>>> print(open('coords-v2.pdb').read())   # PDB, C-alpha atoms
ATOM      1  CA  MET A   2     215.061 103.431  89.722
ATOM      2  CA  THR A   3     214.578 100.440  91.962
ATOM      3  CA  ASP A   4     215.671  97.096  90.670
ATOM      4  CA  ILE A   5     213.578  94.179  91.823
ATOM      5  CA  ALA A   6     215.611  91.056  92.052
ATOM      6  CA  SER A   7     214.603  87.636  93.128
ATOM      7  CA  THR A   8     215.966  86.493  96.393
ATOM      8  CA  SER A   9     217.307  83.097  97.112
ATOM      9  CA  GLN A  10     215.218  82.854 100.255
ATOM     10  CA  ALA A  11     212.921  79.886 100.416
ATOM     11  CA  VAL A  12     209.307  80.839  99.811
ATOM     12  CA  PRO A  13     206.936  78.996 102.082
ATOM     13  CA  ASP A  14     204.735  76.418 100.339
ATOM     14  CA  LYS A  15     201.679  78.286 101.533
ATOM     15  CA  LEU A  16     202.627  81.332  99.453
ATOM     16  CA  LYS A  17     203.534  79.258  96.393
ATOM     17  CA  ALA A  18     200.019  77.929  96.013
ATOM     18  CA  SER A  19     197.881  79.795  93.539
ATOM     19  CA  ALA A  20     194.549  81.303  94.438
ATOM     20  CA  THR A  21     192.675  78.483  92.741
ATOM     21  CA  ASP A  22     194.360  75.892  94.931
ATOM     22  CA  ASP A  23     192.751  77.404  98.008
ATOM     23  CA  VAL A  24     189.270  76.729  96.654
ATOM     24  CA  THR A  25     188.297  73.162  97.253
ATOM     25  CA  GLU A  26     185.323  71.607  95.622
ATOM     26  CA  PRO A  27     183.139  69.333  97.663
ATOM     27  CA  GLU A  28     183.530  65.672  96.858
ATOM     28  CA  PHE A  29     180.991  64.180  94.488
ATOM     29  CA  LYS A  30     178.518  62.072  96.378
ATOM     30  CA  PRO A  31     175.853  60.179  94.438
ATOM     31  CA  LEU A  32     172.324  60.613  95.724
ATOM     32  CA  THR A  33     170.418  57.764  97.251
ATOM     33  CA  ALA A  34     167.002  56.928  95.828
ATOM     34  CA  ASP A  35     165.284  58.798  98.672
ATOM     35  CA  GLU A  36     167.491  61.874  98.243
ATOM     36  CA  ALA A  37     166.839  61.851  94.487
ATOM     37  CA  GLN A  38     163.091  61.683  95.110
ATOM     38  CA  VAL A  39     163.289  64.662  97.505
ATOM     39  CA  TRP A  40     165.336  66.591  94.928
ATOM     40  CA  ARG A  41     162.733  65.871  92.217
ATOM     41  CA  LEU A  42     159.953  67.128  94.489
ATOM     42  CA  ARG A  43     161.839  70.348  95.207
ATOM     43  CA  ASN A  44     162.780  70.890  91.551
ATOM     44  CA  PRO A  45     159.786  69.992  89.407
ATOM     45  CA  ALA A  46     160.277  69.536  85.683
ATOM     46  CA  LEU A  47     159.284  72.354  83.402
ATOM     47  CA  MET A  48     156.034  71.595  81.616
ATOM     48  CA  PRO A  49     156.160  73.491  78.314
ATOM     49  CA  TRP A  50     152.795  72.073  77.242
ATOM     50  CA  ARG A  51     151.225  73.864  80.210
ATOM     51  CA  ILE A  52     152.603  77.161  78.946
ATOM     52  CA  VAL A  53     151.269  76.504  75.436
ATOM     53  CA  ALA A  54     147.890  75.564  76.929
ATOM     54  CA  LEU A  55     147.904  78.773  78.993
ATOM     55  CA  GLN A  56     148.700  80.759  75.841
ATOM     56  CA  ALA A  57     145.776  79.109  74.041
ATOM     57  CA  CYS A  58     143.413  79.785  76.965
ATOM     58  CA  VAL A  59     144.424  83.431  77.246
ATOM     59  CA  GLY A  60     144.031  83.724  73.470
ATOM     60  CA  ALA A  61     140.549  82.195  73.575
ATOM     61  CA  VAL A  62     139.550  84.643  76.308
ATOM     62  CA  MET A  63     140.868  87.552  74.222
ATOM     63  CA  VAL A  64     138.921  86.395  71.164
ATOM     64  CA  LEU A  65     135.729  85.987  73.203
ATOM     65  CA  LEU A  66     136.111  89.377  74.876
ATOM     66  CA  THR A  67     136.833  91.072  71.561
ATOM     67  CA  TRP A  68     133.786  89.496  69.971
ATOM     68  CA  LEU A  69     131.517  90.289  72.943
ATOM     69  CA  LEU A  70     132.729  93.848  73.479
ATOM     70  CA  THR A  71     132.995  95.009  69.864
ATOM     71  CA  ASP A  72     130.520  92.670  68.140
ATOM     72  CA  GLU A  73     132.802  92.770  65.095
ATOM     73  CA  ARG A  74     133.712  89.467  63.536
ATOM     74  CA  ARG A  75     136.737  90.907  61.705
ATOM     75  CA  LEU A  76     138.347  92.109  64.951
ATOM     76  CA  ALA A  77     137.753  88.749  66.636
ATOM     77  CA  ALA A  78     139.227  86.973  63.604
ATOM     78  CA  SER A  79     142.265  89.272  63.670
ATOM     79  CA  VAL A  80     142.776  88.592  67.380
ATOM     80  CA  ALA A  81     142.398  84.855  66.759
ATOM     81  CA  TRP A  82     145.011  84.937  63.995
ATOM     82  CA  GLY A  83     147.448  86.735  66.305
ATOM     83  CA  VAL A  84     146.973  83.953  68.850
ATOM     84  CA  VAL A  85     147.384  81.264  66.185
ATOM     85  CA  ALA A  86     150.646  82.903  65.033
ATOM     86  CA  VAL A  87     152.041  82.291  68.522
ATOM     87  CA  VAL A  88     150.442  79.019  69.611
ATOM     88  CA  ILE A  89     150.962  76.878  66.485
ATOM     89  CA  PRO A  90     154.734  77.572  66.231
ATOM     90  CA  ALA A  91     155.044  77.053  69.992
ATOM     91  CA  MET A  92     153.337  73.665  69.685
ATOM     92  CA  VAL A  93     155.682  72.640  66.876
ATOM     93  CA  PHE A  94     158.694  73.770  68.917
ATOM     94  CA  VAL A  95     157.634  71.986  72.109
ATOM     95  CA  ARG A  96     157.021  68.754  70.215
ATOM     96  CA  ALA A  97     160.443  69.014  68.581
ATOM     97  CA  LEU A  98     162.048  69.935  71.904
ATOM     98  CA  ARG A  99     160.666  66.750  73.432
ATOM     99  CA  ARG A 100     162.374  64.749  70.691
ATOM    100  CA  GLN A 101     165.631  66.688  71.099
ATOM    101  CA  MET A 102     165.749  65.741  74.775
ATOM    102  CA  GLN A 103     166.154  62.096  73.734
ATOM    103  CA  VAL A 104     169.229  62.713  71.565
ATOM    104  CA  ALA A 105     172.322  61.165  73.118
ATOM    105  CA  HIS A 106     174.941  63.624  71.850
ATOM    106  CA  PRO A 107     174.741  67.106  73.416
ATOM    107  CA  LYS A 108     176.172  68.876  70.354
ATOM    108  CA  VAL A 109     173.604  67.287  68.059
ATOM    109  CA  ALA A 110     170.845  68.181  70.512
ATOM    110  CA  LEU A 111     172.016  71.802  70.659
ATOM    111  CA  VAL A 112     172.163  72.110  66.870
ATOM    112  CA  GLY A 113     168.693  70.580  66.691
ATOM    113  CA  LEU A 114     167.423  73.049  69.266
ATOM    114  CA  PHE A 115     168.690  75.993  67.217
ATOM    115  CA  ALA A 116     167.300  74.491  64.018
ATOM    116  CA  TRP A 117     163.840  74.051  65.535
ATOM    117  CA  GLU A 118     163.941  77.574  66.956
ATOM    118  CA  LEU A 119     164.626  78.785  63.423
ATOM    119  CA  VAL A 120     161.690  76.700  62.164
ATOM    120  CA  LYS A 121     159.506  78.310  64.852
ATOM    121  CA  ILE A 122     160.532  81.826  63.769
ATOM    122  CA  VAL A 123     160.013  81.080  60.066
ATOM    123  CA  LEU A 124     156.598  79.551  60.780
ATOM    124  CA  THR A 125     155.591  82.578  62.850
ATOM    125  CA  VAL A 126     156.639  85.008  60.125
ATOM    126  CA  ALA A 127     154.872  82.905  57.481
ATOM    127  CA  LEU A 128     151.639  82.925  59.504
ATOM    128  CA  LEU A 129     151.845  86.688  59.887
ATOM    129  CA  LEU A 130     152.488  87.175  56.153
ATOM    130  CA  VAL A 131     149.562  84.928  55.203
ATOM    131  CA  ALA A 132     147.133  86.752  57.542
ATOM    132  CA  PRO A 133     145.868  89.328  54.983
ATOM    133  CA  LYS A 134     145.099  86.557  52.492
ATOM    134  CA  VAL A 135     143.184  84.474  55.059
ATOM    135  CA  ILE A 136     141.254  87.249  56.807
ATOM    136  CA  SER A 137     139.505  89.812  54.674
ATOM    137  CA  ASP A 138     139.466  93.295  56.206
ATOM    138  CA  LEU A 139     142.256  92.397  58.634
ATOM    139  CA  SER A 140     142.887  94.654  61.627
ATOM    140  CA  TRP A 141     146.646  94.735  62.078
ATOM    141  CA  LEU A 142     146.332  96.533  65.400
ATOM    142  CA  ALA A 143     144.147  93.757  66.855
ATOM    143  CA  LEU A 144     146.419  91.071  65.406
ATOM    144  CA  VAL A 145     149.620  92.584  66.765
ATOM    145  CA  ALA A 146     148.040  93.330  70.154
ATOM    146  CA  SER A 147     146.859  89.740  70.573
ATOM    147  CA  PHE A 148     150.220  88.460  69.304
ATOM    148  CA  VAL A 149     152.105  90.461  71.942
ATOM    149  CA  VAL A 150     149.724  89.527  74.773
ATOM    150  CA  THR A 151     149.918  85.839  73.853
ATOM    151  CA  ILE A 152     153.710  85.903  73.773
ATOM    152  CA  LYS A 153     153.804  87.627  77.167
ATOM    153  CA  VAL A 154     151.884  84.722  78.730
ATOM    154  CA  TYR A 155     155.315  83.355  79.660
ATOM    155  CA  TRP A 156     155.380  86.022  82.382
ATOM    156  CA  LEU A 157     151.992  84.857  83.648
ATOM    157  CA  ALA A 158     153.293  81.279  83.740
ATOM    158  CA  LEU A 159     156.304  82.516  85.704
ATOM    159  CA  ALA A 160     154.025  84.327  88.173
ATOM    160  CA  LEU A 161     151.885  81.208  88.591
ATOM    161  CA  GLY A 162     155.014  79.210  89.387
ATOM    162  CA  TRP A 163     154.782  77.051  86.270
ATOM    163  CA  VAL A 164     158.316  77.966  85.293
ATOM    164  CA  GLN A 165     161.014  77.141  87.783
ATOM    165  CA  ARG A 166     163.268  80.065  88.608
ATOM    166  CA  LYS A 167     166.960  79.369  88.875
ATOM    167  CA  SER A 168     168.125  79.234  92.423
ATOM    168  CA  LYS A 169     170.784  81.574  93.657
ATOM    169  CA  PRO A 170     174.217  80.015  93.884
ATOM    170  CA  THR A 171     175.270  79.020  97.339
ATOM    171  CA  PHE A 172     178.721  79.868  98.618
ATOM    172  CA  TYR A 173     180.267  77.687 101.280
TER     173      TYR A 173
END
>>> encode(input="coords-v2.pdb", output="structure tokens")
Amino acid sequence: MTDIASTSQAVPDKLKASATDDVTEPEFKPLTADEAQVWRLRNPALMPWRIVALQACVGAVMVLLTWLLTDERRLAASVAWGVVAVVIPAMVFVRALRRQMQVAHPKVALVGLFAWELVKIVLTVALLLVAPKVISDLSWLALVASFVVTIKVYWLALALGWVQRKSKPTFY
């Protein structure tokens, strides 16, 4: 068995440094007003109201197409309720999110964000549970189909460039 013993030889300072010491972070440099303006142009703010509006427009098109193609009022009403079950909670959440952005303490803002997300989920479930009472002769298939399509509008917003994708990290 080999015994490893420490030697009394001096270890060069270069070897003593840990791996994290070799990584240097660039110095913080505040942006000038012109640089900040260029940064804002390159990184536009996310407009959640545009996504909600796109959801409502896609939902209106689905309701119109359902009504025109099937000529059944009950199917169009079921599709409309599926859209409402997505758009109304999204509107409530976006309005609350706008208020949460003004909160000074990050922890309070984060708790508020989770609370409003819970409110959005509860409101969505409540709207879905109330659907049979509001719409006589409800078509669950039409309701669920329109619900899913309306939720997936986020992908359409992403394709249209309305949602900013995160940039890849740069390594220096």
>>> closest_residue(input="coords-v2.pdb", among="A:Leu124, A:Leu32, A:Val135, A:Ala160", to="Ala86 in chain A", atoms="all atoms listed in the file")
A:Leu124
>>> resolve_selection(input="coords-v2.pdb", expression="the PyMOL selection byres ((chain A and resi 98) around 10)", output="PyMOL selection string")
chain A and resi 49+92-97+99-103+110+113-114+117-118
>>> resolve_selection(input="coords-v2.pdb", expression="the PyMOL selection byres ((chain A and resi 66-76) around 12)", output="MDAnalysis selection string")
chainID A and resid 59:65 77:83 132:133 135:147
>>> atom_distance(input="coords-v2.pdb", atom1="CA of Gln56 in chain A", atom2="CA of Val87 in chain A")
8.2 Å
>>> atom_distance(input="coords-v2.pdb", atom1="CA of Val53 in chain A", atom2="CA of Arg41 in chain A")
22.9 Å
